[in-house]
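In what follows, a structure is listed as structure tokens, so that the remarks can point back to it.
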Amino acid sequence: MKGKIILKNKEQRIINIPKIDNATADISINPQKGGILRVTENTNPITQTGESYYIVPEPIYNSRGEDDVYNFPFLLNKDGSSWQEANDFFFQKAITDKYLGRNTAALRREASQLLDYKIFCEDEEINYLDLSGRRPSRRPHQRYRSELRSSGMGNDNINTRTGIIYHFYKYLSKQDSYNIDLDRVDTTSLVNIEMQGRSGKFTKTVEKRGMTLPTSKEVSPVDIGYVRDEGEDLRPLSNQQFDSFVELLHDDKFDVDERLMCRIALFTGARKQTILTIRMKHVEIFKEESNLSPDGTYKIFAGGGCDIDTKFNKKQTLYFPKGLAEQIVIYAESKFAKKRRDKFRQNLEKSDSEETMSDDDIYLFLSNQGNCHYMARNDYRYARAKSNPTGQRTDSLCKKLLKNLPDNFPKGFTFHWLRATFGHKYYQYLMILVEKNIIKSNEVISRVQARMHHSKPETTDNYLKLFLNINDRIKVQEMYENQLFSEYQSSWED
């Protein structure tokens, strides 16, 4: 007699369904008006033929006319059976405009977190559907919340997890099959909160749960020598560090594409998602002398529906100096780059999708295996990929750089520092123009804001304040870091 199946690992209890076709449709075994005939593969044991059924399309929920769900997380009980309540809950979430035809990474995170709750209840031998405990602290979700708090988990994370549990119970409370009293789960109230958007402040009405834990709204201080740019703390390289960096880029240790990635960041201020989603169609712009602006740059548009990604999908205009543009063209036409594009095409041909990508849409920068380093949001594979590349190549590049840069080079260096360094070098260039009376001093902030694509002038102003005495600020920060490290090292050795 075979023993019972027990799935001990959490990973075994999440099955990824790559694609659910016609997710918003009904299925019928009888002919239906407007129905689409489908036949299964040899499911009849007598005739060895498939069974007929009809897909009856409902009104498409998706605003873009899409009706498929990609990478749906199907959850299992520990005996290998379907966790029906959770799968129904997540399927209803999946067939909304947020997920139909789109990437489901957020849905999969929620499914994984809800499964954590289920596993907790199993380990504690708790029936998660039994909310009858007179004292709230004895109810399943409250016990789980207490467990999370005692584990030292942050309040933001706890609120996210208990929020998923609340909405799960809220879904079950609306089903006739379950006797769920939502008032025994949590109390809620509607509150108005003020939020900051890209176009200014606005008020939004949200549902506040009683179980929500307080979170700090204080903004962390910015370290000396750094500037906060759209949520990122960046630090420009000093002129001496910049010279060391540029000199190293000429070393044979670095491939041509690695050098170009760094140069594009230094000459345009672009972030990694922008640099790594440049397509071959943009290289064609650099080949036409008529596209060269009077200031000696080529303009490339990014974000806001363009083929190049930007942070927050913000519209940007990138200015490529002629010399840099020529280097990009040489690289794009090299055997090295063509070989990678050939591999990219081969990878597309091996995929199950009937869709393809034109040569103009292929990424400029690809890996040795012909894969993109960062997948653009408008890439047709974006929604279907279980995990998308997000620029890890720049992380490995920075590690490689730090191994070969002088010992006094800042160890906290990241690729995004090159953006701040661009801002500093551009500021220095503008100040020369001010000294020569070519532009006025009050034009500097607007010019830097435009090139750095800052929504708020305050961000640009913080840059300019840093640039005024940047060398002194960086020196103070490095002295602090060195002193802190030496004291830590000394205490450790003692």
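Chain labels follow the order of the structure tokens: the first chain is A, the next B, and so on; residue numbering restarts at 1 in every chain, and ligands are counted from 1 in their shown order.
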DSSP on the backbone, helix (DSSP H, G or I) only: what residues of range 290-460 of chain A does that give? Format it as number ranges by chain.
A: 290-291, 311-313, 322-332, 335-350, 359-361, 392-404, 417-435, 441-452, 457-460
With a distance cut-off of 8 Å and only C-alpha atoms, select the neighbouring residues of range 393-398 of chain A, excluding the residue or stretch itself and same-chain residues fewer than 6 positions from it, and output the selection as a ChimeraX atom specification.
/A:258,272,373,413-415
Can you pull out the residues contacting Gln84 in chain A? Cut-off 12 Å, using only C-alpha atoms, and skip same-chain residues under 5 positions away; I want them as a PDB file with C-alpha atoms, in the first residue's frame.
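Final file, part.pdb:
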ATOM      1  CA  PHE A  74      -1.392  27.304  -8.331  1.00  0.00           C
ATOM      2  CA  LEU A  75      -1.175  26.411  -4.630  1.00  0.00           C
ATOM      3  CA  LEU A  76      -1.278  22.925  -3.110  1.00  0.00           C
ATOM      4  CA  ASN A  77      -2.150  21.528   0.288  1.00  0.00           C
ATOM      5  CA  PHE A  89      -9.117  33.845  -4.762  1.00  0.00           C
ATOM      6  CA  PHE A  90      -6.005  34.401  -6.846  1.00  0.00           C
ATOM      7  CA  PHE A  91      -7.712  33.473 -10.101  1.00  0.00           C
ATOM      8  CA  LEU A 172     -14.370  34.007   1.203  1.00  0.00           C
ATOM      9  CA  SER A 177     -19.833  27.997   0.728  1.00  0.00           C
TER      10      SER A 177
END
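Counting only C-alpha atoms, Thr205 in chain A has the following residues at most 8 Å away, ignoring those fewer than 4 positions along the same chain: A:Leu190, A:Val191, A:Asn192, A:Ile193.
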Out of A:Pro73, A:Pro57, A:Gly133, A:Pro389, which residue has the shortest atom-to-atom distance to Gln12 in chain A when counting only C-alpha atoms?
A:Pro73
